[in-house]
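S.K.: Data: model_16.txt, compact mmCIF, C-alpha atoms.
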```txt
# COMPACT_ATOMS: atom_id res chain seq x y z
CA MET A 162 8.02 17.41 8.33
CA ARG A 163 6.11 15.98 11.25
CA VAL A 164 6.67 12.27 11.98
CA LEU A 165 3.32 10.47 12.15
CA LEU A 166 4.63 6.89 12.52
CA SER A 167 8.17 6.11 13.61
CA GLU A 168 10.40 3.49 12.05
CA SER A 169 10.07 1.29 15.15
CA GLU A 170 6.25 1.57 15.22
CA ILE A 171 6.09 0.53 11.58
CA SER A 172 8.53 -2.33 12.08
CA GLU A 173 6.57 -3.80 14.99
CA ARG A 174 3.25 -3.54 13.17
CA VAL A 175 4.59 -5.10 9.96
CA LYS A 176 5.98 -8.03 11.99
CA ALA A 177 2.53 -8.48 13.57
CA LEU A 178 0.90 -8.45 10.13
CA GLY A 179 3.42 -11.06 8.96
CA ARG A 180 2.53 -13.32 11.89
CA GLN A 181 -1.18 -12.87 11.19
CA LEU A 182 -0.78 -13.77 7.51
CA SER A 183 1.40 -16.76 8.44
CA ASP A 184 -1.27 -18.07 10.82
CA GLU A 185 -4.17 -17.54 8.41
CA TYR A 186 -2.49 -18.89 5.27
CA SER A 187 -0.55 -21.82 6.71
CA GLY A 188 -0.73 -24.72 4.26
CA ARG A 189 -2.44 -22.64 1.56
CA PRO A 190 -1.06 -21.42 -1.79
CA LEU A 191 -0.48 -17.73 -0.98
CA THR A 192 0.53 -14.99 -3.40
CA ILE A 193 1.19 -11.50 -2.13
CA LEU A 194 0.48 -9.09 -4.97
CA GLY A 195 2.33 -5.83 -4.35
CA VAL A 196 0.98 -2.66 -5.92
CA LEU A 197 3.74 -0.68 -7.61
CA THR A 198 5.44 1.49 -6.58
CA GLY A 199 4.31 2.50 -3.13
CA SER A 200 4.13 -0.99 -1.62
CA ILE A 201 7.72 -2.03 -2.42
CA VAL A 202 9.20 -1.15 0.99
CA LEU A 203 6.24 -2.72 2.81
CA LEU A 204 6.33 -5.77 0.53
CA ALA A 205 10.00 -6.43 1.27
CA ASP A 206 9.54 -6.12 5.01
CA LEU A 207 6.28 -8.07 5.12
CA ILE A 208 7.51 -11.12 3.21
CA ARG A 209 10.49 -11.32 5.57
CA ALA A 210 8.04 -11.21 8.49
CA THR A 211 6.06 -14.21 7.25
CA SER A 212 6.91 -17.83 7.95
CA VAL A 213 4.91 -19.53 5.21
CA PRO A 214 5.95 -20.30 1.65
CA LEU A 215 4.53 -17.69 -0.69
CA ARG A 216 4.84 -16.22 -4.13
CA VAL A 217 5.41 -12.54 -4.76
CA ALA A 218 3.85 -10.78 -7.73
CA LEU A 219 3.47 -7.17 -8.81
CA ILE A 220 0.71 -5.10 -10.34
CA GLN A 221 0.83 -1.46 -11.30
CA ALA A 222 -1.96 0.91 -10.31
CA ALA A 223 -1.86 4.69 -10.23
CA SER A 224 -4.30 7.40 -9.35
CA TYR A 225 -1.88 10.18 -8.36
CA ARG A 226 0.24 11.96 -10.96
CA GLY A 227 3.45 13.88 -10.24
CA ALA A 228 2.86 16.70 -7.77
CA GLU A 229 -0.85 15.94 -7.26
CA THR A 230 -2.04 15.43 -3.69
CA THR A 231 -5.56 14.27 -4.58
CA PRO A 232 -6.41 11.10 -6.54
CA GLY A 233 -7.39 11.20 -10.20
CA ARG A 234 -8.45 8.52 -12.70
CA LEU A 235 -7.23 5.01 -11.87
CA THR A 236 -5.05 3.14 -14.35
CA ILE A 237 -4.06 -0.52 -13.86
CA ASN A 238 -1.30 -2.39 -15.68
CA GLN A 239 -1.71 -6.16 -15.25
CA SER A 240 1.16 -7.21 -17.53
CA LEU A 241 3.41 -8.27 -14.60
CA VAL A 242 0.80 -10.50 -12.94
CA PRO A 243 1.56 -14.25 -13.14
CA ASP A 244 -1.02 -17.04 -13.14
CA LEU A 245 -3.08 -16.66 -9.95
CA ARG A 246 -5.65 -19.36 -10.73
CA GLY A 247 -6.56 -21.31 -7.58
CA ARG A 248 -4.22 -19.33 -5.32
CA ASP A 249 -5.10 -17.20 -2.30
CA VAL A 250 -4.13 -13.63 -3.15
CA VAL A 251 -3.46 -10.76 -0.78
CA ILE A 252 -3.32 -7.44 -2.62
CA LEU A 253 -0.77 -5.32 -0.77
CA ASP A 254 -0.82 -1.53 -1.08
CA ASP A 255 0.74 1.31 0.85
CA ILE A 256 -2.45 3.22 1.62
CA PHE A 257 -6.23 2.84 1.52
CA ASP A 258 -7.45 6.37 0.85
CA THR A 259 -10.81 6.61 -0.93
CA GLY A 260 -10.75 2.87 -1.59
CA ASN A 261 -11.34 3.29 -5.31
CA THR A 262 -7.90 1.89 -6.19
CA MET A 263 -8.53 -1.25 -4.15
CA VAL A 264 -11.98 -1.75 -5.70
CA GLY A 265 -10.40 -1.53 -9.17
CA LEU A 266 -7.65 -3.95 -8.14
CA TYR A 267 -10.18 -6.45 -6.76
CA GLN A 268 -12.04 -6.39 -10.09
CA ALA A 269 -8.81 -6.87 -12.07
CA VAL A 270 -7.48 -9.68 -9.84
CA ARG A 271 -10.78 -11.61 -9.83
CA GLY A 272 -10.31 -11.97 -13.58
CA PHE A 273 -7.30 -14.22 -12.85
CA GLN A 274 -9.61 -16.74 -11.06
CA PRO A 275 -7.85 -16.89 -7.66
CA ALA A 276 -9.20 -19.06 -4.84
CA SER A 277 -9.64 -15.92 -2.73
CA VAL A 278 -8.76 -12.23 -2.78
CA ARG A 279 -8.11 -10.13 0.31
CA SER A 280 -6.39 -6.81 0.86
CA ALA A 281 -3.66 -5.52 3.14
CA VAL A 282 -2.45 -1.95 3.51
CA LEU A 283 -0.03 -0.16 5.77
CA LEU A 284 -2.22 2.93 6.18
CA TRP A 285 -5.98 3.45 6.16
CA LYS A 286 -7.45 6.96 5.94
CA THR A 287 -10.85 5.99 7.32
CA ALA A 288 -12.28 9.52 6.98
CA ARG A 289 -11.76 9.45 3.19
CA THR A 290 -13.20 6.02 2.41
CA GLU A 291 -15.80 6.32 -0.38
CA VAL A 292 -16.46 2.65 -1.13
CA ASP A 293 -18.28 -0.22 0.55
CA LEU A 294 -15.03 -2.10 1.11
CA GLU A 295 -12.55 -2.13 3.96
CA PRO A 296 -9.03 -3.52 3.97
CA ASP A 297 -8.88 -7.04 5.41
CA TYR A 298 -5.55 -6.27 7.06
CA PHE A 299 -4.11 -2.87 7.89
CA GLY A 300 -1.25 -1.46 9.85
CA PHE A 301 -2.55 1.88 11.06
CA ARG A 302 -5.63 4.09 10.81
CA ILE A 303 -4.44 7.61 10.07
CA PRO A 304 -6.03 11.06 9.86
CA ASP A 305 -6.79 12.78 6.57
CA GLU A 306 -3.33 14.27 6.04
CA PHE A 307 -0.95 13.96 3.09
CA VAL A 308 1.77 11.51 4.11
CA VAL A 309 5.07 10.38 2.64
CA GLY A 310 7.83 7.94 3.55
CA TYR A 311 8.13 4.18 3.85
CA GLY A 312 7.31 3.86 0.14
CA LEU A 313 4.79 6.70 -0.13
CA ASP A 314 5.88 9.62 -2.27
CA PHE A 315 5.24 13.17 -3.30
CA ASN A 316 6.29 13.89 -6.87
CA ASP A 317 8.34 10.65 -6.78
CA ASP A 318 10.39 11.75 -3.77
CA PHE A 319 10.47 10.81 -0.06
CA ARG A 320 9.84 7.04 -0.58
CA HIS A 321 13.19 6.34 1.08
CA LEU A 322 12.24 7.76 4.49
CA PRO A 323 12.13 5.02 7.16
CA TYR A 324 9.12 6.64 8.83
CA VAL A 325 5.75 8.04 7.71
CA GLY A 326 5.65 11.82 7.85
CA VAL A 327 3.01 14.45 7.27
CA MET A 328 3.84 17.00 4.61
CA GLU A 329 3.00 20.46 5.87
CA ASP A 330 2.36 23.35 3.44
CA GLU A 331 5.97 24.55 3.81
CA ASP A 332 7.27 21.03 2.99
CA LEU A 333 5.12 20.93 -0.16
CA LYS A 334 6.38 24.34 -1.30
CA HIS A 335 10.00 23.32 -0.73
CA ALA A 336 9.52 20.00 -2.54
CA LEU A 337 7.93 21.71 -5.54
CA ALA A 338 10.76 24.26 -5.73
CA LYS A 339 13.44 21.53 -5.72
CA PRO A 340 14.76 20.56 -9.18
CA GLN A 341 13.93 16.97 -10.13
CA ASP A 342 16.59 14.43 -11.15
CA GLY A 343 16.43 13.01 -14.59
```
Before anything else, please render the file you have as structure tokens.
M.R.:
Amino acid sequence: MRVLLSESEISERVKALGRQLSDEYSGRPLTILGVLTGSIVLLADLIRATSVPLRVALIQAASYRGAETTPGRLTINQSLVPDLRGRDVVILDDIFDTGNTMVGLYQAVRGFQPASVRSAVLLWKTARTEVDLEPDYFGFRIPDEFVVGYGLDFNDDFRHLPYVGVMEDEDLKHALAKPQDG
């Protein structure tokens, strides 16, 4: 697997995003809404990199299934979302690919009547964007390659990697041949 973004590059950029959010939301009621499951690693690191009081909430959205490497139909589970009325909300996701997931999340979150809604992602595949929306905050623009690590998965594996790597064809074949736990 080829390393696209090293652990240290990610760490430095997440700290910078934390400082930016701290500056922009100082004195405001901030909720960071992490998108399950890919944003968990980023969420943990980002909230430690902020210096403002905030709430953490979770929402579940999925467009990839199992061993798929291209997005399918979006499903959103809002059952974990607390009251967001009057709060500034930053939707935090691991990757902005086509943008369709974020558009769906914006629509769902607006139904909770927040004061504002913005988005933050670690990775932005600018070449694949299909919507008239851009992330408000992002860590890195990346090429159109299938990536894993730092919360991103393939067939529910590789989330634990401390870096972002590109899965080559041989990596995909090996991962598909490996028996799954469970």
S.K.: From the set A:Leu207, A:Leu322, A:Leu266, A:Met328, which residue has the shortest atom-to-atom contact distance to Ala177 in chain A, counting only C-alpha atoms?
M.R.: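 Looking only at the distances to Ala177 in chain A, the closest residue turns out to be A:Leu207.
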S.K.: Looking at A:Val164, A:Leu253, A:Leu245, A:Val202, which one is nearest to Gln274 in chain A, with distances taken over only C-alpha atoms?
M.R.: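 Counting only C-alpha atoms, the residue closest to Gln274 in chain A is A:Leu245.
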S.K.: Record the distance separating CA of Gln181 in chain A and CA of Leu294 in chain A, expressed in Å with one decimal.
M.R.: 20.2 Å
S.K.: Between CA of Asp317 in chain A and CA of Thr211 in chain A, measure the distance and give it in Å to one decimal.
M.R.: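 We find that CA of Asp317 in chain A and CA of Thr211 in chain A lie 28.6 Å from each other.
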S.K.: So, counting all atoms listed in the file, which residue among A:Gln268, A:Ser277, A:Ser167, A:Gln221 is closest to Leu191 in chain A?
M.R.: A:Ser277
S.K.: So that I can see what lies close to Arg216 in chain A, please list as a compact mmCIF listing (two decimals) with C-alpha atoms, in the coordinates of the input the residues with an atom at most 10 Å from it, counting all atoms listed in the file and leaving out residues fewer than 4 positions away in the same chain.
M.R.:
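Listed below is the output, around.txt:
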```
# COMPACT_ATOMS: atom_id res chain seq x y z
CA PRO A 190 -1.06 -21.42 -1.79
CA LEU A 191 -0.48 -17.73 -0.98
CA THR A 192 0.53 -14.99 -3.40
CA ILE A 193 1.19 -11.50 -2.13
CA LEU A 194 0.48 -9.09 -4.97
CA ILE A 208 7.51 -11.12 3.21
CA PRO A 243 1.56 -14.25 -13.14
CA LEU A 245 -3.08 -16.66 -9.95
CA ARG A 248 -4.22 -19.33 -5.32
CA VAL A 250 -4.13 -13.63 -3.15
```
S.K.: Kindly extract all protein, DNA and RNA residues lying within 7 Å of the coordinates (-10.0, -11.1, -2.1) given in the file, considering only C-alpha atoms, and supply them as an MDAnalysis selection string.
M.R.: chainID A and resid 250:251 267 277:280
S.K.: Do you know which residues are at most 10 Å from Arg189 in chain A counting all atoms listed in the file, after dropping those on the same chain fewer than 2 positions away, and could you put them as a PyMOL selection string?
M.R.: chain A and resi 183+185-187+191-192+213-215+248-249+276
S.K.: Would you put the residues from that selection into a file with C-alpha atoms, as a compact mmCIF listing (two decimals), keeping the file's coordinate frame?
M.R.:
```
# COMPACT_ATOMS: atom_id res chain seq x y z
CA SER A 183 1.40 -16.76 8.44
CA GLU A 185 -4.17 -17.54 8.41
CA TYR A 186 -2.49 -18.89 5.27
CA SER A 187 -0.55 -21.82 6.71
CA LEU A 191 -0.48 -17.73 -0.98
CA THR A 192 0.53 -14.99 -3.40
CA VAL A 213 4.91 -19.53 5.21
CA PRO A 214 5.95 -20.30 1.65
CA LEU A 215 4.53 -17.69 -0.69
CA ARG A 248 -4.22 -19.33 -5.32
CA ASP A 249 -5.10 -17.20 -2.30
CA ALA A 276 -9.20 -19.06 -4.84
```
S.K.: As a PDB file, in the coordinates of the input, please: range 301-312 of chain A completed to all heavy atoms.
M.R.:
```pdb
ATOM      1  N   PHE A 301      -2.163   0.735  10.245  1.00  0.00           N
ATOM      2  CA  PHE A 301      -2.550   1.880  11.060  1.00  0.00           C
ATOM      3  C   PHE A 301      -3.707   2.639  10.421  1.00  0.00           C
ATOM      4  O   PHE A 301      -3.722   2.832   9.210  1.00  0.00           O
ATOM      5  CB  PHE A 301      -1.381   2.874  11.192  1.00  0.00           C
ATOM      6  CG  PHE A 301      -0.131   2.272  11.748  1.00  0.00           C
ATOM      7  CD1 PHE A 301       0.845   1.745  10.903  1.00  0.00           C
ATOM      8  CD2 PHE A 301       0.093   2.246  13.121  1.00  0.00           C
ATOM      9  CE1 PHE A 301       2.000   1.195  11.417  1.00  0.00           C
ATOM     10  CE2 PHE A 301       1.257   1.692  13.639  1.00  0.00           C
ATOM     11  CZ  PHE A 301       2.210   1.163  12.789  1.00  0.00           C
ATOM     12  N   ARG A 302      -4.639   3.103  11.239  1.00  0.00           N
ATOM     13  CA  ARG A 302      -5.630   4.090  10.810  1.00  0.00           C
ATOM     14  C   ARG A 302      -4.963   5.446  10.992  1.00  0.00           C
ATOM     15  O   ARG A 302      -4.361   5.695  12.037  1.00  0.00           O
ATOM     16  CB  ARG A 302      -6.879   4.032  11.671  1.00  0.00           C
ATOM     17  CG  ARG A 302      -7.667   2.758  11.512  1.00  0.00           C
ATOM     18  CD  ARG A 302      -8.853   2.792  12.490  1.00  0.00           C
ATOM     19  NE  ARG A 302      -9.410   1.492  12.693  1.00  0.00           N
ATOM     20  CZ  ARG A 302     -10.492   1.017  12.084  1.00  0.00           C
ATOM     21  NH1 ARG A 302     -11.150   1.780  11.235  1.00  0.00           N
ATOM     22  NH2 ARG A 302     -10.941  -0.199  12.331  1.00  0.00           N
ATOM     23  N   ILE A 303      -5.077   6.300   9.972  1.00  0.00           N
ATOM     24  CA  ILE A 303      -4.440   7.610  10.070  1.00  0.00           C
ATOM     25  C   ILE A 303      -5.439   8.714   9.744  1.00  0.00           C
ATOM     26  O   ILE A 303      -6.442   8.470   9.060  1.00  0.00           O
ATOM     27  CB  ILE A 303      -3.197   7.729   9.157  1.00  0.00           C
ATOM     28  CG1 ILE A 303      -3.572   7.622   7.677  1.00  0.00           C
ATOM     29  CG2 ILE A 303      -2.144   6.694   9.547  1.00  0.00           C
ATOM     30  CD1 ILE A 303      -2.471   8.017   6.724  1.00  0.00           C
ATOM     31  N   PRO A 304      -5.153   9.936  10.196  1.00  0.00           N
ATOM     32  CA  PRO A 304      -6.030  11.060   9.860  1.00  0.00           C
ATOM     33  C   PRO A 304      -5.886  11.459   8.403  1.00  0.00           C
ATOM     34  O   PRO A 304      -4.969  11.016   7.704  1.00  0.00           O
ATOM     35  CB  PRO A 304      -5.540  12.176  10.796  1.00  0.00           C
ATOM     36  CG  PRO A 304      -4.143  11.816  11.128  1.00  0.00           C
ATOM     37  CD  PRO A 304      -4.056  10.314  11.074  1.00  0.00           C
ATOM     38  N   ASP A 305      -6.780  12.312   7.955  1.00  0.00           N
ATOM     39  CA  ASP A 305      -6.790  12.780   6.570  1.00  0.00           C
ATOM     40  C   ASP A 305      -5.711  13.848   6.381  1.00  0.00           C
ATOM     41  O   ASP A 305      -5.993  15.039   6.357  1.00  0.00           O
ATOM     42  CB  ASP A 305      -8.166  13.323   6.207  1.00  0.00           C
ATOM     43  CG  ASP A 305      -8.266  13.715   4.749  1.00  0.00           C
ATOM     44  OD1 ASP A 305      -7.354  13.370   3.972  1.00  0.00           O
ATOM     45  OD2 ASP A 305      -9.256  14.386   4.385  1.00  0.00           O
ATOM     46  N   GLU A 306      -4.468  13.396   6.277  1.00  0.00           N
ATOM     47  CA  GLU A 306      -3.330  14.270   6.040  1.00  0.00           C
ATOM     48  C   GLU A 306      -2.490  13.651   4.932  1.00  0.00           C
ATOM     49  O   GLU A 306      -2.478  12.431   4.772  1.00  0.00           O
ATOM     50  CB  GLU A 306      -2.488  14.428   7.307  1.00  0.00           C
ATOM     51  CG  GLU A 306      -3.258  15.070   8.454  1.00  0.00           C
ATOM     52  CD  GLU A 306      -2.414  15.205   9.703  1.00  0.00           C
ATOM     53  OE1 GLU A 306      -2.074  14.166  10.293  1.00  0.00           O
ATOM     54  OE2 GLU A 306      -2.110  16.348  10.071  1.00  0.00           O
ATOM     55  N   PHE A 307      -1.786  14.485   4.167  1.00  0.00           N
ATOM     56  CA  PHE A 307      -0.950  13.960   3.090  1.00  0.00           C
ATOM     57  C   PHE A 307       0.351  13.446   3.677  1.00  0.00           C
ATOM     58  O   PHE A 307       1.093  14.190   4.314  1.00  0.00           O
ATOM     59  CB  PHE A 307      -0.681  15.028   2.025  1.00  0.00           C
ATOM     60  CG  PHE A 307      -0.067  14.436   0.788  1.00  0.00           C
ATOM     61  CD1 PHE A 307      -0.852  13.754  -0.132  1.00  0.00           C
ATOM     62  CD2 PHE A 307       1.301  14.516   0.561  1.00  0.00           C
ATOM     63  CE1 PHE A 307      -0.284  13.173  -1.257  1.00  0.00           C
ATOM     64  CE2 PHE A 307       1.871  13.947  -0.558  1.00  0.00           C
ATOM     65  CZ  PHE A 307       1.073  13.270  -1.470  1.00  0.00           C
ATOM     66  N   VAL A 308       0.610  12.150   3.488  1.00  0.00           N
ATOM     67  CA  VAL A 308       1.770  11.510   4.110  1.00  0.00           C
ATOM     68  C   VAL A 308       2.745  10.983   3.073  1.00  0.00           C
ATOM     69  O   VAL A 308       2.367  10.650   1.939  1.00  0.00           O
ATOM     70  CB  VAL A 308       1.324  10.355   5.044  1.00  0.00           C
ATOM     71  CG1 VAL A 308       0.574  10.893   6.257  1.00  0.00           C
ATOM     72  CG2 VAL A 308       0.458   9.340   4.313  1.00  0.00           C
ATOM     73  N   VAL A 309       4.000  10.911   3.481  1.00  0.00           N
ATOM     74  CA  VAL A 309       5.070  10.380   2.640  1.00  0.00           C
ATOM     75  C   VAL A 309       5.977   9.520   3.514  1.00  0.00           C
ATOM     76  O   VAL A 309       5.908   9.553   4.735  1.00  0.00           O
ATOM     77  CB  VAL A 309       5.903  11.497   1.973  1.00  0.00           C
ATOM     78  CG1 VAL A 309       5.062  12.297   0.993  1.00  0.00           C
ATOM     79  CG2 VAL A 309       6.548  12.401   3.008  1.00  0.00           C
ATOM     80  N   GLY A 310       6.858   8.782   2.847  1.00  0.00           N
ATOM     81  CA  GLY A 310       7.830   7.940   3.550  1.00  0.00           C
ATOM     82  C   GLY A 310       7.412   6.497   3.537  1.00  0.00           C
ATOM     83  O   GLY A 310       6.260   6.158   3.256  1.00  0.00           O
ATOM     84  N   TYR A 311       8.363   5.625   3.811  1.00  0.00           N
ATOM     85  CA  TYR A 311       8.130   4.180   3.850  1.00  0.00           C
ATOM     86  C   TYR A 311       7.398   3.725   2.578  1.00  0.00           C
ATOM     87  O   TYR A 311       6.446   2.966   2.610  1.00  0.00           O
ATOM     88  CB  TYR A 311       7.378   3.774   5.111  1.00  0.00           C
ATOM     89  CG  TYR A 311       7.519   2.302   5.418  1.00  0.00           C
ATOM     90  CD1 TYR A 311       8.697   1.793   5.960  1.00  0.00           C
ATOM     91  CD2 TYR A 311       6.487   1.419   5.149  1.00  0.00           C
ATOM     92  CE1 TYR A 311       8.820   0.439   6.221  1.00  0.00           C
ATOM     93  CE2 TYR A 311       6.605   0.062   5.404  1.00  0.00           C
ATOM     94  CZ  TYR A 311       7.777  -0.420   5.938  1.00  0.00           C
ATOM     95  OH  TYR A 311       7.907  -1.760   6.192  1.00  0.00           O
ATOM     96  N   GLY A 312       7.863   4.249   1.439  1.00  0.00           N
ATOM     97  CA  GLY A 312       7.310   3.860   0.140  1.00  0.00           C
ATOM     98  C   GLY A 312       6.346   4.863  -0.454  1.00  0.00           C
ATOM     99  O   GLY A 312       6.152   4.899  -1.663  1.00  0.00           O
TER     100      GLY A 312
END
```
